[in-house]
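Text of input.cif (mmCIF, C-alpha atoms) as supplied:
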data_work
loop_
_atom_site.label_atom_id
_atom_site.label_comp_id
_atom_site.auth_asym_id
_atom_site.auth_seq_id
_atom_site.Cartn_x
_atom_site.Cartn_y
_atom_site.Cartn_z
CA MET A 1 0.00 0.00 0.00
CA ARG A 2 2.67 2.45 1.02
CA LYS A 3 4.61 1.66 -2.11
CA ILE A 4 1.56 2.40 -4.28
CA VAL A 5 1.01 5.74 -2.58
CA LEU A 6 4.63 6.61 -3.11
CA THR A 7 4.50 5.63 -6.76
CA MET A 8 1.35 7.70 -7.25
CA ALA A 9 2.94 10.66 -5.54
CA ALA A 10 5.94 10.29 -7.79
CA ALA A 11 3.70 10.09 -10.87
CA LEU A 12 1.76 13.15 -9.75
CA SER A 13 4.87 15.17 -9.14
CA ALA A 14 6.20 14.07 -12.52
CA LEU A 15 2.95 15.30 -14.12
CA ALA A 16 3.08 18.57 -12.22
CA GLY A 17 6.66 18.87 -13.31
CA THR A 18 5.67 18.60 -16.97
CA ALA A 19 2.99 21.24 -16.56
CA ASP A 20 5.37 23.66 -14.91
CA THR A 21 8.48 23.14 -16.95
CA LEU A 22 6.70 22.22 -20.16
CA ALA A 23 9.30 23.17 -22.72
CA ALA A 24 8.62 22.75 -26.40
CA ASP A 25 8.89 24.51 -29.73
CA LEU A 26 6.02 25.04 -32.16
CA SER A 27 6.77 25.92 -35.74
CA ILE A 28 4.02 26.63 -38.27
CA LYS A 29 4.41 27.19 -41.98
CA VAL A 30 1.53 28.73 -43.93
CA GLN A 31 1.66 28.93 -47.72
CA ILE A 32 -0.30 31.64 -49.49
CA PRO A 33 -0.63 30.39 -53.08
CA THR A 34 -0.26 32.37 -56.28
CA LEU A 35 -3.68 32.73 -57.87
CA GLN A 36 -4.34 33.57 -61.50
CA VAL A 37 -7.19 36.01 -61.00
CA ALA A 38 -8.10 39.35 -62.59
CA GLU A 39 -8.45 41.15 -59.25
CA TYR A 40 -6.19 40.00 -56.45
CA HIS A 41 -6.20 41.17 -52.86
CA ARG A 42 -4.08 39.61 -50.17
CA PRO A 43 -6.17 37.30 -48.01
CA TYR A 44 -7.21 37.92 -44.43
CA ILE A 45 -5.79 35.04 -42.39
CA ALA A 46 -6.42 33.89 -38.83
CA ILE A 47 -4.25 31.24 -37.19
CA TRP A 48 -5.24 29.83 -33.84
CA ILE A 49 -5.06 26.79 -31.58
CA GLU A 50 -8.42 25.10 -31.16
CA ASN A 51 -9.64 23.02 -28.22
CA ALA A 52 -11.60 19.80 -28.72
CA ASP A 53 -14.89 21.73 -28.29
CA GLN A 54 -13.81 24.15 -31.06
CA SER A 55 -13.27 27.02 -28.64
CA ILE A 56 -10.09 29.04 -29.06
CA ALA A 57 -7.19 27.95 -26.83
CA SER A 58 -4.90 30.65 -28.18
CA ASN A 59 -4.85 33.18 -31.00
CA LEU A 60 -1.53 33.00 -32.83
CA ALA A 61 -1.96 35.42 -35.71
CA VAL A 62 -4.58 37.54 -37.46
CA TRP A 63 -3.47 39.27 -40.63
CA TYR A 64 -5.77 41.96 -41.98
CA GLN A 65 -5.69 45.28 -43.78
CA THR A 66 -4.09 47.63 -41.26
CA ASP A 67 -3.12 50.48 -43.58
CA ARG A 68 -4.54 53.62 -42.00
CA ARG A 69 -4.66 55.43 -45.34
CA LYS A 70 -7.21 52.88 -46.58
CA GLU A 71 -10.71 52.01 -45.37
CA ASP A 72 -10.96 50.56 -41.86
CA GLY A 73 -9.79 46.98 -42.37
CA THR A 74 -11.40 45.61 -39.22
CA GLN A 75 -14.88 45.72 -40.78
CA TRP A 76 -14.21 42.59 -42.82
CA LEU A 77 -12.81 40.51 -39.96
CA LYS A 78 -16.25 38.91 -39.57
CA ASP A 79 -15.63 37.20 -42.93
CA LEU A 80 -13.09 35.02 -41.12
CA ARG A 81 -16.33 33.55 -39.96
CA GLN A 82 -15.17 30.57 -37.91
CA TRP A 83 -12.59 32.68 -36.08
CA TRP A 84 -15.17 35.45 -35.64
CA ARG A 85 -17.70 33.06 -34.15
CA ARG A 86 -15.27 31.32 -31.83
CA GLY A 87 -13.84 34.44 -30.27
CA GLY A 88 -12.78 37.09 -32.80
CA ARG A 89 -16.01 38.97 -32.19
CA ALA A 90 -15.15 39.38 -28.51
CA GLN A 91 -11.73 40.87 -29.24
CA THR A 92 -10.72 44.50 -29.43
CA MET A 93 -8.40 45.07 -32.35
CA PRO A 94 -5.48 45.16 -32.62
CA ILE A 95 -4.36 42.26 -30.40
CA ASP A 96 -0.84 42.76 -29.10
CA GLY A 97 1.57 40.22 -30.57
CA VAL A 98 -1.15 38.59 -32.66
CA THR A 99 -2.51 40.96 -35.29
CA GLY A 100 -0.56 42.32 -38.21
CA ALA A 101 -0.77 43.40 -41.82
CA THR A 102 -1.81 41.05 -44.63
CA ARG A 103 1.01 38.98 -46.12
CA PRO A 104 2.03 38.48 -49.75
CA VAL A 105 2.06 35.23 -51.71
CA GLY A 106 4.70 32.82 -50.36
CA GLU A 107 5.54 30.78 -47.29
CA HIS A 108 5.20 32.40 -43.89
CA THR A 109 6.66 30.90 -40.75
CA LEU A 110 5.51 31.34 -37.17
CA THR A 111 8.05 30.21 -34.62
CA LEU A 112 6.85 29.96 -31.06
CA ASN A 113 7.92 28.14 -27.93
CA SER A 114 6.46 27.36 -24.55
CA ALA A 115 7.80 30.68 -23.24
CA SER A 116 5.91 32.66 -25.90
CA LYS A 117 2.96 34.68 -24.61
CA GLN A 118 0.51 32.79 -26.87
CA LEU A 119 1.60 29.37 -25.61
CA ALA A 120 2.40 30.14 -21.99
CA GLY A 121 -1.03 29.09 -20.72
CA LEU A 122 -1.46 26.08 -23.04
CA ARG A 123 -2.00 22.90 -21.05
CA ALA A 124 -0.70 19.53 -22.21
CA GLY A 125 -3.23 17.87 -24.50
CA SER A 126 -4.62 17.38 -28.01
CA TYR A 127 -5.33 20.41 -30.16
CA ASN A 128 -5.96 21.51 -33.71
CA LEU A 129 -3.96 24.20 -35.40
CA VAL A 130 -6.52 26.09 -37.48
CA VAL A 131 -5.80 28.35 -40.42
CA GLU A 132 -8.68 30.29 -41.96
CA ALA A 133 -8.21 32.45 -45.05
CA VAL A 134 -10.70 34.69 -46.80
CA ARG A 135 -10.00 36.94 -49.76
CA GLU A 136 -11.87 39.99 -51.07
CA VAL A 137 -13.72 39.04 -54.29
CA GLY A 138 -12.28 35.57 -53.70
CA GLY A 139 -13.07 32.50 -51.64
CA ARG A 140 -12.59 31.15 -48.17
CA GLU A 141 -10.74 28.11 -46.90
CA LEU A 142 -10.26 26.63 -43.46
CA LEU A 143 -7.74 23.91 -42.62
CA ARG A 144 -7.09 22.00 -39.41
CA VAL A 145 -3.89 20.22 -38.42
CA PRO A 146 -4.12 18.06 -35.26
CA PHE A 147 -1.18 17.97 -32.87
CA GLU A 148 -0.27 17.01 -29.30
CA TRP A 149 1.14 19.60 -26.95
CA PRO A 150 3.88 19.14 -26.01
CA GLY A 151 3.82 15.45 -26.93
CA LEU A 152 6.43 12.85 -26.14
CA GLN A 153 8.37 13.02 -29.36
CA ALA A 154 8.84 15.36 -32.29
CA GLN A 155 5.76 15.69 -34.52
CA HIS A 156 5.60 16.76 -38.09
CA SER A 157 2.27 16.98 -39.92
CA SER A 158 0.82 18.92 -42.79
CA VAL A 159 -2.35 19.42 -44.81
CA GLN A 160 -2.73 20.66 -48.34
CA GLY A 161 -5.15 23.46 -49.15
CA THR A 162 -7.04 23.49 -52.42
CA SER A 163 -8.09 27.08 -53.06
CA GLU A 164 -7.06 29.95 -50.81
CA LEU A 165 -4.28 28.15 -48.94
CA GLY A 166 -1.29 26.04 -49.92
CA THR A 167 0.46 23.62 -47.55
CA ILE A 168 0.13 24.13 -43.81
CA THR A 169 2.89 22.46 -41.81
CA VAL A 170 3.07 22.03 -38.06
CA ASP A 171 6.24 20.94 -36.24
CA VAL A 172 6.29 20.32 -32.51
CA LYS A 173 9.56 19.59 -30.69
CA PRO A 174 9.21 18.73 -27.02
CA MET B 1 -80.97 39.50 -40.10
CA LYS B 2 -79.14 39.66 -36.86
CA HIS B 3 -76.92 36.86 -38.10
CA ALA B 4 -76.23 38.77 -41.28
CA ILE B 5 -75.11 41.79 -39.30
CA LYS B 6 -72.93 39.67 -37.12
CA LEU B 7 -71.32 38.18 -40.17
CA ALA B 8 -70.75 41.62 -41.64
CA VAL B 9 -69.21 42.75 -38.40
CA LEU B 10 -66.99 39.72 -38.29
CA LEU B 11 -65.86 40.35 -41.83
CA ALA B 12 -65.25 43.99 -41.10
CA THR B 13 -63.22 43.28 -38.01
CA ALA B 14 -61.37 40.57 -39.86
CA LEU B 15 -60.34 42.99 -42.59
CA PRO B 16 -57.35 44.46 -40.80
CA PHE B 17 -55.89 40.96 -40.75
CA ALA B 18 -56.53 40.26 -44.41
CA ALA B 19 -53.04 41.54 -45.16
CA GLN B 20 -51.66 38.80 -42.91
CA ALA B 21 -52.44 36.21 -45.50
CA HIS B 22 -49.23 37.63 -46.88
CA LYS B 23 -46.00 37.50 -44.99
CA ALA B 24 -44.63 40.62 -43.33
CA TRP B 25 -40.89 40.74 -42.91
CA LEU B 26 -37.82 42.80 -42.11
CA LEU B 27 -34.67 41.85 -43.99
CA PRO B 28 -31.40 43.32 -42.66
CA SER B 29 -28.42 43.77 -44.99
CA SER B 30 -26.26 41.93 -42.40
CA THR B 31 -26.98 40.22 -39.12
CA VAL B 32 -23.35 39.88 -38.03
CA THR B 33 -21.06 42.89 -38.24
CA THR B 34 -17.96 44.34 -36.67
CA PRO B 35 -18.46 47.30 -34.28
CA ASP B 36 -19.67 50.73 -35.47
CA GLN B 37 -21.18 49.66 -38.79
CA TRP B 38 -24.52 50.39 -40.43
CA VAL B 39 -27.21 48.04 -41.58
CA THR B 40 -29.99 48.83 -43.98
CA VAL B 41 -33.29 47.01 -43.59
CA ASP B 42 -35.92 46.18 -46.22
CA ALA B 43 -39.44 45.99 -44.84
CA ALA B 44 -42.10 44.44 -47.04
CA VAL B 45 -45.20 42.30 -47.25
CA SER B 46 -45.17 39.53 -49.83
CA ASN B 47 -46.14 35.94 -50.50
CA ASP B 48 -42.68 34.65 -51.32
CA LEU B 49 -39.67 35.17 -49.14
CA PHE B 50 -37.72 37.46 -49.29
CA TYR B 51 -38.87 39.24 -52.44
CA PHE B 52 -40.37 42.72 -52.26
CA ASN B 53 -42.96 42.35 -54.98
CA HIS B 54 -46.28 43.11 -53.35
CA ALA B 55 -46.50 45.92 -50.80
CA PRO B 56 -44.23 47.90 -48.50
CA LEU B 57 -44.46 47.25 -44.77
CA ARG B 58 -45.62 50.36 -42.94
CA VAL B 59 -43.04 50.99 -40.26
CA ASP B 60 -44.90 53.62 -38.23
CA ASN B 61 -44.45 51.53 -35.11
CA LEU B 62 -40.81 50.70 -35.41
CA SER B 63 -39.03 49.93 -32.18
CA ILE B 64 -35.26 49.52 -32.34
CA THR B 65 -33.65 48.42 -29.09
CA ALA B 66 -29.91 49.03 -28.74
CA PRO B 67 -27.60 46.66 -26.80
CA ASP B 68 -27.89 48.84 -23.66
CA GLY B 69 -31.69 48.66 -23.78
CA SER B 70 -32.18 52.21 -25.04
CA THR B 71 -34.39 52.98 -28.03
CA LEU B 72 -32.89 54.03 -31.35
CA GLN B 73 -34.49 55.91 -34.21
CA PRO B 74 -34.25 54.55 -37.74
CA GLU B 75 -32.52 56.79 -40.26
CA ASN B 76 -33.23 57.45 -43.93
CA VAL B 77 -36.70 55.91 -43.86
CA ALA B 78 -38.20 55.71 -47.32
CA THR B 79 -41.30 53.94 -48.53
CA GLY B 80 -41.57 52.92 -52.15
CA LYS B 81 -44.07 50.95 -54.14
CA TYR B 82 -42.91 47.56 -52.91
CA ARG B 83 -40.78 48.10 -49.87
CA THR B 84 -39.82 50.42 -47.05
CA THR B 85 -36.13 50.82 -46.29
CA PHE B 86 -34.37 52.32 -43.32
CA ASP B 87 -30.88 52.43 -41.87
CA VAL B 88 -29.70 51.62 -38.38
CA HIS B 89 -26.38 52.85 -37.03
CA LEU B 90 -24.79 50.16 -34.84
CA ALA B 91 -22.79 52.54 -32.68
CA GLN B 92 -22.74 50.21 -29.67
CA ASN B 93 -21.27 46.73 -29.46
CA GLY B 94 -23.82 44.00 -29.03
CA THR B 95 -27.23 42.87 -30.20
CA TYR B 96 -29.95 45.10 -31.63
CA ARG B 97 -33.61 44.10 -31.74
CA ILE B 98 -35.37 45.71 -34.68
CA ALA B 99 -39.14 45.33 -34.45
CA ASN B 100 -42.32 46.74 -35.88
CA VAL B 101 -45.15 46.22 -33.41
CA ASN B 102 -48.73 46.93 -34.39
CA SER B 103 -51.28 46.69 -31.65
CA GLY B 104 -54.69 48.12 -31.41
CA LEU B 105 -58.43 47.79 -31.02
CA PHE B 106 -60.93 47.62 -33.83
CA ALA B 107 -64.57 48.50 -33.24
CA SER B 108 -67.61 48.33 -35.41
CA TYR B 109 -70.96 49.74 -34.32
CA GLU B 110 -74.13 51.54 -35.39
CA GLU B 111 -74.95 55.12 -34.55
CA ASN B 112 -78.27 56.63 -35.71
CA GLY B 113 -78.62 53.73 -38.10
CA GLN B 114 -75.18 54.39 -39.62
CA ARG B 115 -72.49 51.72 -39.57
CA LYS B 116 -69.25 53.05 -38.11
CA ARG B 117 -65.77 51.71 -37.77
CA TRP B 118 -63.11 52.76 -35.37
CA ARG B 119 -59.54 51.84 -34.58
CA GLY B 120 -57.43 52.99 -31.68
CA ASN B 121 -56.35 51.98 -28.22
CA ALA B 122 -58.06 51.29 -24.90
CA ALA B 123 -57.53 54.84 -23.62
CA LYS B 124 -59.17 56.42 -26.66
CA PHE B 125 -62.03 53.97 -26.75
CA ALA B 126 -63.99 55.64 -23.93
CA THR B 127 -63.88 59.09 -25.51
CA GLU B 128 -64.14 58.21 -29.19
CA VAL B 129 -66.69 55.43 -29.26
CA PRO B 130 -70.14 56.64 -28.08
CA ALA B 131 -71.39 54.97 -24.93
CA GLY B 132 -74.71 54.13 -26.52
CA ALA B 133 -73.23 52.52 -29.65
CA GLN B 134 -75.54 49.83 -31.03
CA ASN B 135 -74.37 46.38 -32.10
CA LEU B 136 -70.88 47.10 -30.86
CA GLU B 137 -68.24 44.57 -31.80
CA VAL B 138 -64.68 45.09 -30.63
CA SER B 139 -61.60 43.03 -31.33
CA GLU B 140 -57.95 43.49 -30.50
CA SER B 141 -54.73 42.63 -32.25
CA ASN B 142 -51.06 42.57 -31.43
CA GLY B 143 -48.55 41.76 -34.14
CA ARG B 144 -44.78 41.80 -33.87
CA VAL B 145 -42.47 41.60 -36.90
CA GLU B 146 -38.82 41.61 -35.96
CA THR B 147 -35.21 40.74 -36.68
CA PHE B 148 -31.89 40.79 -34.84
CA VAL B 149 -28.50 42.26 -35.71
CA THR B 150 -25.26 41.98 -33.74
CA ALA B 151 -22.17 44.19 -33.89
CA GLY B 152 -19.25 42.37 -32.26
CA LYS B 153 -20.12 39.97 -29.49
CA PRO B 154 -23.78 38.91 -29.07
CA THR B 155 -25.55 40.32 -26.00
CA THR B 156 -29.01 39.74 -24.50
CA GLU B 157 -30.07 43.00 -22.84
CA SER B 158 -32.08 44.12 -25.89
CA LEU B 159 -33.81 40.73 -26.08
CA LYS B 160 -35.63 41.09 -22.76
CA PRO B 161 -39.33 40.48 -23.31
CA THR B 162 -41.72 43.42 -23.23
CA GLY B 163 -44.39 41.15 -21.75
CA VAL B 164 -46.98 41.99 -24.41
CA GLY B 165 -48.09 39.64 -27.16
CA LEU B 166 -46.03 36.83 -28.62
CA GLU B 167 -42.28 37.09 -28.25
CA LEU B 168 -39.23 34.93 -28.71
CA ALA B 169 -36.97 34.26 -25.74
CA PRO B 170 -33.58 33.07 -26.94
CA LEU B 171 -32.13 29.94 -25.38
CA THR B 172 -29.79 30.00 -28.37
CA HIS B 173 -28.81 33.55 -29.32
CA PRO B 174 -30.70 34.58 -32.52
CA ASN B 175 -27.47 35.80 -34.11
CA ASP B 176 -25.67 32.55 -33.32
CA LEU B 177 -27.44 30.14 -35.66
CA TYR B 178 -25.50 27.71 -37.84
CA ALA B 179 -26.45 25.17 -40.48
CA GLY B 180 -26.60 21.64 -39.11
CA GLU B 181 -26.75 22.81 -35.51
CA GLN B 182 -29.73 22.73 -33.19
CA THR B 183 -31.26 25.96 -31.99
CA LYS B 184 -33.61 26.25 -29.00
CA PHE B 185 -36.04 29.07 -28.45
CA ARG B 186 -38.88 29.67 -26.03
CA MET B 187 -42.03 31.39 -27.15
CA LEU B 188 -43.68 33.75 -24.68
CA LEU B 189 -47.24 35.03 -24.60
CA ASP B 190 -47.52 38.19 -22.50
CA GLY B 191 -44.19 37.32 -20.96
CA LYS B 192 -45.11 33.77 -19.95
CA PRO B 193 -44.16 30.52 -21.74
CA ALA B 194 -46.58 29.70 -24.57
CA PRO B 195 -47.08 25.90 -24.60
CA GLN B 196 -48.47 23.91 -27.54
CA LEU B 197 -47.93 26.79 -29.94
CA GLU B 198 -47.51 25.84 -33.58
CA LEU B 199 -44.79 27.60 -35.55
CA GLU B 200 -43.86 27.61 -39.17
CA ILE B 201 -40.35 28.20 -40.42
CA ILE B 202 -39.69 28.91 -44.09
CA ALA B 203 -36.36 29.47 -45.80
CA GLY B 204 -35.88 32.41 -48.16
CA GLY B 205 -35.09 32.00 -51.85
CA GLN B 206 -38.59 30.65 -52.54
CA ARG B 207 -38.54 31.86 -56.12
CA TYR B 208 -36.00 29.21 -56.99
CA ARG B 209 -37.76 26.12 -55.67
CA ASP B 210 -41.07 24.43 -56.29
CA GLN B 211 -42.23 23.70 -52.75
CA GLN B 212 -42.65 25.83 -49.65
CA ASN B 213 -40.54 23.31 -47.67
CA GLU B 214 -41.91 24.75 -44.44
CA ILE B 215 -40.63 23.34 -41.16
CA LYS B 216 -43.45 22.87 -38.67
CA VAL B 217 -42.66 22.81 -34.99
CA LYS B 218 -44.68 22.97 -31.81
CA THR B 219 -43.66 24.31 -28.43
CA ASP B 220 -43.57 21.91 -25.47
CA ALA B 221 -45.10 22.44 -22.03
CA ASN B 222 -42.41 25.03 -21.25
CA GLY B 223 -43.06 26.95 -24.45
CA GLU B 224 -39.78 25.66 -25.89
CA PHE B 225 -39.01 24.28 -29.31
CA ALA B 226 -35.92 23.14 -31.15
CA VAL B 227 -35.01 23.34 -34.81
CA THR B 228 -31.98 22.00 -36.66
CA TRP B 229 -31.25 24.21 -39.64
CA PRO B 230 -31.00 22.24 -42.87
CA ALA B 231 -28.94 24.83 -44.75
CA PRO B 232 -27.51 28.32 -44.30
CA GLY B 233 -29.66 31.24 -45.36
CA MET B 234 -32.36 33.64 -44.25
CA TYR B 235 -35.38 32.08 -42.53
CA TRP B 236 -38.79 33.42 -41.58
CA LEU B 237 -40.42 32.14 -38.41
CA GLU B 238 -44.10 32.71 -37.76
CA ALA B 239 -46.71 31.94 -35.12
CA SER B 240 -50.17 33.27 -34.38
CA LEU B 241 -53.02 32.58 -32.03
CA GLN B 242 -56.35 33.93 -30.87
CA ASP B 243 -57.43 34.32 -27.27
CA ASP B 244 -59.71 36.41 -25.09
CA ARG B 245 -57.04 38.20 -23.05
CA THR B 246 -57.99 41.66 -24.24
CA SER B 247 -57.09 45.02 -22.74
CA LEU B 248 -60.69 46.22 -22.90
CA LYS B 249 -63.70 44.40 -21.49
CA GLN B 250 -65.80 45.18 -24.60
CA ALA B 251 -63.24 43.38 -26.78
CA ARG B 252 -64.06 39.71 -26.86
CA GLN B 253 -61.21 38.40 -28.91
CA ARG B 254 -57.55 39.15 -29.43
CA ARG B 255 -55.43 38.03 -32.33
CA VAL B 256 -51.71 37.80 -31.63
CA SER B 257 -49.04 37.20 -34.24
CA TYR B 258 -45.27 37.00 -34.31
CA SER B 259 -42.74 36.75 -37.08
CA ALA B 260 -38.98 36.97 -37.13
CA THR B 261 -36.32 36.94 -39.80
CA LEU B 262 -33.33 34.86 -38.74
CA GLU B 263 -30.05 34.32 -40.50
CA VAL B 264 -28.46 30.88 -40.37
CA LEU B 265 -24.75 30.99 -41.14
CA PRO B 266 -22.63 28.37 -42.86
CA GLN B 267 -20.15 26.41 -40.75
#
Since I need it in another form, could you write the structure as structure tokens?
Amino acid sequence: MRKIVLTMAAALSALAGTADTLAADLSIKVQIPTLQVAEYHRPYIAIWIENADQSIASNLAVWYQTDRRKEDGTQWLKDLRQWWRRGGRAQTMPIDGVTGATRPVGEHTLTLNSASKQLAGLRAGSYNLVVEAVREVGGRELLRVPFEWPGLQAQHSSVQGTSELGTITVDVKP
Amino acid sequence: MKHAIKLAVLLATALPFAAQAHKAWLLPSSTVTTPDQWVTVDAAVSNDLFYFNHAPLRVDNLSITAPDGSTLQPENVATGKYRTTFDVHLAQNGTYRIANVNSGLFASYEENGQRKRWRGNAAKFATEVPAGAQNLEVSESNGRVETFVTAGKPTTESLKPTGVGLELAPLTHPNDLYAGEQTKFRMLLDGKPAPQLELEIIAGGQRYRDQQNEIKVKTDANGEFAVTWPAPGMYWLEASLQDDRTSLKQARQRRVSYSATLEVLPQ
């Protein structure tokens, strides 16, 4: 009996240890594809970590039209409709460390680690990395990449978009 | 003879409702917006949803409730041949309830052998309808036509029931409806749950399909009902009933109706 209690205590402290000193790197690559269209505008893109119940665990990036010389770009954020529903609508823009200007065609990398503000509160568990893109006079696409945080070993997974997004790659290194 | 008069009176009092064979609706340009935007609303009466091809909806009794519960005035109101339009400035964050509520009393009587008709409210009845009116028939109506628009995060302050007529109490927020998901609402009559009430829900875009495809639902003992939306789009929800809970003892019957335009979003 005493041995079992001791083992359990050890297991618990080991678990607590992981939660406290959870150290891992998260690297995300998002491809914005070249599109042969008459009128092209850079897409609005939201990147976030989704819980199992589809609520937002953490906002990682929201790229929208931030140029003050142009029309107020926040008015179209609702078109990122999944992000808007799940929490975007409760936010006040801009969000420090999350929001930024729209990005050009190409591959964009987000490099975060467990010390980053966006991941600091993320508990160990299963999540989806979600990327939602919507383009003026264009379409919308939403992709999900499942991953474990922080996981026991290095993870590498990717999904291929078909219209507004190219390849989305997620790398986790515990 | 007496029967004939009664019939005539019934027909006359029924006339104000004849228009309700058609559907009255408010159609907002958006139901989900970012803060500090505008919406423009079409208000019309038609057979097919949501096409303004019959008559404009008179919006003399428009009541726009802002997220903080205050009342807003519509802007740029214009009535054309087929529709009324107006703008609403969503200056506050939250949910707006845009409603047109018609309520009133209708009387029919004889004075010096002349048939007279009157419409007004309970306060005016005593002074405007002669005490000695012959063959007096009075009926009452309360009709609410409404829609909901949210700027930013949905709120519920503006959705508090007024306690008069048929109203919708959101168990699911009316600006949080999604295709394939179940929505629950409670219907209230004079602020209390309305059990066993039949409702009809019809999707817009009727011009491009052959059948009405109406969804029929009935409230349970708590006045609640559930609907799972088959597809995204604009929907029209309607219910009506007749009872004897009038505001004037001379009025024997009250007709109460409710309709709402709801937007169901894609996933």
So which one's closest to chain A, B:Phe185, B:Tyr178, B:Phe148, B:Phe225? Using all atoms listed in the file, please.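 Checking each candidate against chain A, we get B:Tyr178 as the closest.
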Which residues come within 9 Å of Pro174 (chain A), counting only C-alpha atoms, excluding same-chain residues fewer than 3 positions away, as a short mmCIF file (atom, residue, chain, number, x, y, z; two decimals) with C-alpha atoms, keeping the file's coordinate frame?
data_model
loop_
_atom_site.label_atom_id
_atom_site.label_comp_id
_atom_site.auth_asym_id
_atom_site.auth_seq_id
_atom_site.Cartn_x
_atom_site.Cartn_y
_atom_site.Cartn_z
CA LEU A 22 6.70 22.22 -20.16
CA ALA A 23 9.30 23.17 -22.72
CA ALA A 24 8.62 22.75 -26.40
CA ASP A 25 8.89 24.51 -29.73
CA LEU A 26 6.02 25.04 -32.16
CA TRP A 149 1.14 19.60 -26.95
CA PRO A 150 3.88 19.14 -26.01
CA GLY A 151 3.82 15.45 -26.93
CA LEU A 152 6.43 12.85 -26.14
CA GLN A 153 8.37 13.02 -29.36
CA ALA A 154 8.84 15.36 -32.29
CA GLN A 155 5.76 15.69 -34.52
#
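Residues matched by the PyMOL selection byres ((chain A) within 9 of (chain B)) in this file: Thr74, Gln75, Trp76, Leu77, Lys78, Arg81, Gln82, Trp84, Arg85, Gly87, Gly88, Arg89, Ala90 and Gln91 of chain A.
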Residues picked by the PyMOL selection byres ((chain B and resi 189) around 12) here, as an MDAnalysis selection string? chainID B and resid 142:144 161:169 186:188 190:197 219 222:223 239:243 245 255:258
Would you mind exporting the chosen residues as a short mmCIF file (atom, residue, chain, number, x, y, z; two decimals), keeping the file's coordinate frame, restricted to C-alpha atoms?
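Everything below was put into part_10.cif:
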data_model
loop_
_atom_site.label_atom_id
_atom_site.label_comp_id
_atom_site.auth_asym_id
_atom_site.auth_seq_id
_atom_site.Cartn_x
_atom_site.Cartn_y
_atom_site.Cartn_z
CA ASN B 142 -51.06 42.57 -31.43
CA GLY B 143 -48.55 41.76 -34.14
CA ARG B 144 -44.78 41.80 -33.87
CA PRO B 161 -39.33 40.48 -23.31
CA THR B 162 -41.72 43.42 -23.23
CA GLY B 163 -44.39 41.15 -21.75
CA VAL B 164 -46.98 41.99 -24.41
CA GLY B 165 -48.09 39.64 -27.16
CA LEU B 166 -46.03 36.83 -28.62
CA GLU B 167 -42.28 37.09 -28.25
CA LEU B 168 -39.23 34.93 -28.71
CA ALA B 169 -36.97 34.26 -25.74
CA ARG B 186 -38.88 29.67 -26.03
CA MET B 187 -42.03 31.39 -27.15
CA LEU B 188 -43.68 33.75 -24.68
CA ASP B 190 -47.52 38.19 -22.50
CA GLY B 191 -44.19 37.32 -20.96
CA LYS B 192 -45.11 33.77 -19.95
CA PRO B 193 -44.16 30.52 -21.74
CA ALA B 194 -46.58 29.70 -24.57
CA PRO B 195 -47.08 25.90 -24.60
CA GLN B 196 -48.47 23.91 -27.54
CA LEU B 197 -47.93 26.79 -29.94
CA THR B 219 -43.66 24.31 -28.43
CA ASN B 222 -42.41 25.03 -21.25
CA GLY B 223 -43.06 26.95 -24.45
CA ALA B 239 -46.71 31.94 -35.12
CA SER B 240 -50.17 33.27 -34.38
CA LEU B 241 -53.02 32.58 -32.03
CA GLN B 242 -56.35 33.93 -30.87
CA ASP B 243 -57.43 34.32 -27.27
CA ARG B 245 -57.04 38.20 -23.05
CA ARG B 255 -55.43 38.03 -32.33
CA VAL B 256 -51.71 37.80 -31.63
CA SER B 257 -49.04 37.20 -34.24
CA TYR B 258 -45.27 37.00 -34.31
#
Excluding Glu181 (chain B) and any residue of its chain fewer than 6 positions from it, enumerate the residues within 10 Å of it, using all atoms listed in the file, and give them as a PDB file with C-alpha atoms, in the frame of the given file.
ATOM      1  CA  VAL B 227     -35.010  23.340 -34.810  1.00  0.00           C
ATOM      2  CA  THR B 228     -31.980  22.000 -36.660  1.00  0.00           C
ATOM      3  CA  TRP B 229     -31.250  24.210 -39.640  1.00  0.00           C
ATOM      4  CA  PRO B 230     -31.000  22.240 -42.870  1.00  0.00           C
ATOM      5  CA  ALA B 231     -28.940  24.830 -44.750  1.00  0.00           C
ATOM      6  CA  VAL B 264     -28.460  30.880 -40.370  1.00  0.00           C
ATOM      7  CA  GLN B 267     -20.150  26.410 -40.750  1.00  0.00           C
TER       8      GLN B 267
END
Fewer than 2 positions away in the same chain doesn't count, so skip those; otherwise give me all residues within 6 Å of region 39-55 of chain A, counting only C-alpha atoms, as a compact mmCIF listing (two decimals) with C-alpha atoms, in the frame of the given file.
# COMPACT_ATOMS: atom_id res chain seq x y z
CA VAL A 37 -7.19 36.01 -61.00
CA ALA A 57 -7.19 27.95 -26.83
CA SER A 58 -4.90 30.65 -28.18
CA ASN A 59 -4.85 33.18 -31.00
CA LEU A 60 -1.53 33.00 -32.83
CA ALA A 61 -1.96 35.42 -35.71
CA VAL A 62 -4.58 37.54 -37.46
CA TRP A 63 -3.47 39.27 -40.63
CA TYR A 64 -5.77 41.96 -41.98
CA ARG A 86 -15.27 31.32 -31.83
CA TYR A 127 -5.33 20.41 -30.16
CA ASN A 128 -5.96 21.51 -33.71
CA LEU A 129 -3.96 24.20 -35.40
CA VAL A 130 -6.52 26.09 -37.48
CA VAL A 131 -5.80 28.35 -40.42
CA GLU A 132 -8.68 30.29 -41.96
CA ALA A 133 -8.21 32.45 -45.05
CA VAL A 134 -10.70 34.69 -46.80
CA ARG A 135 -10.00 36.94 -49.76
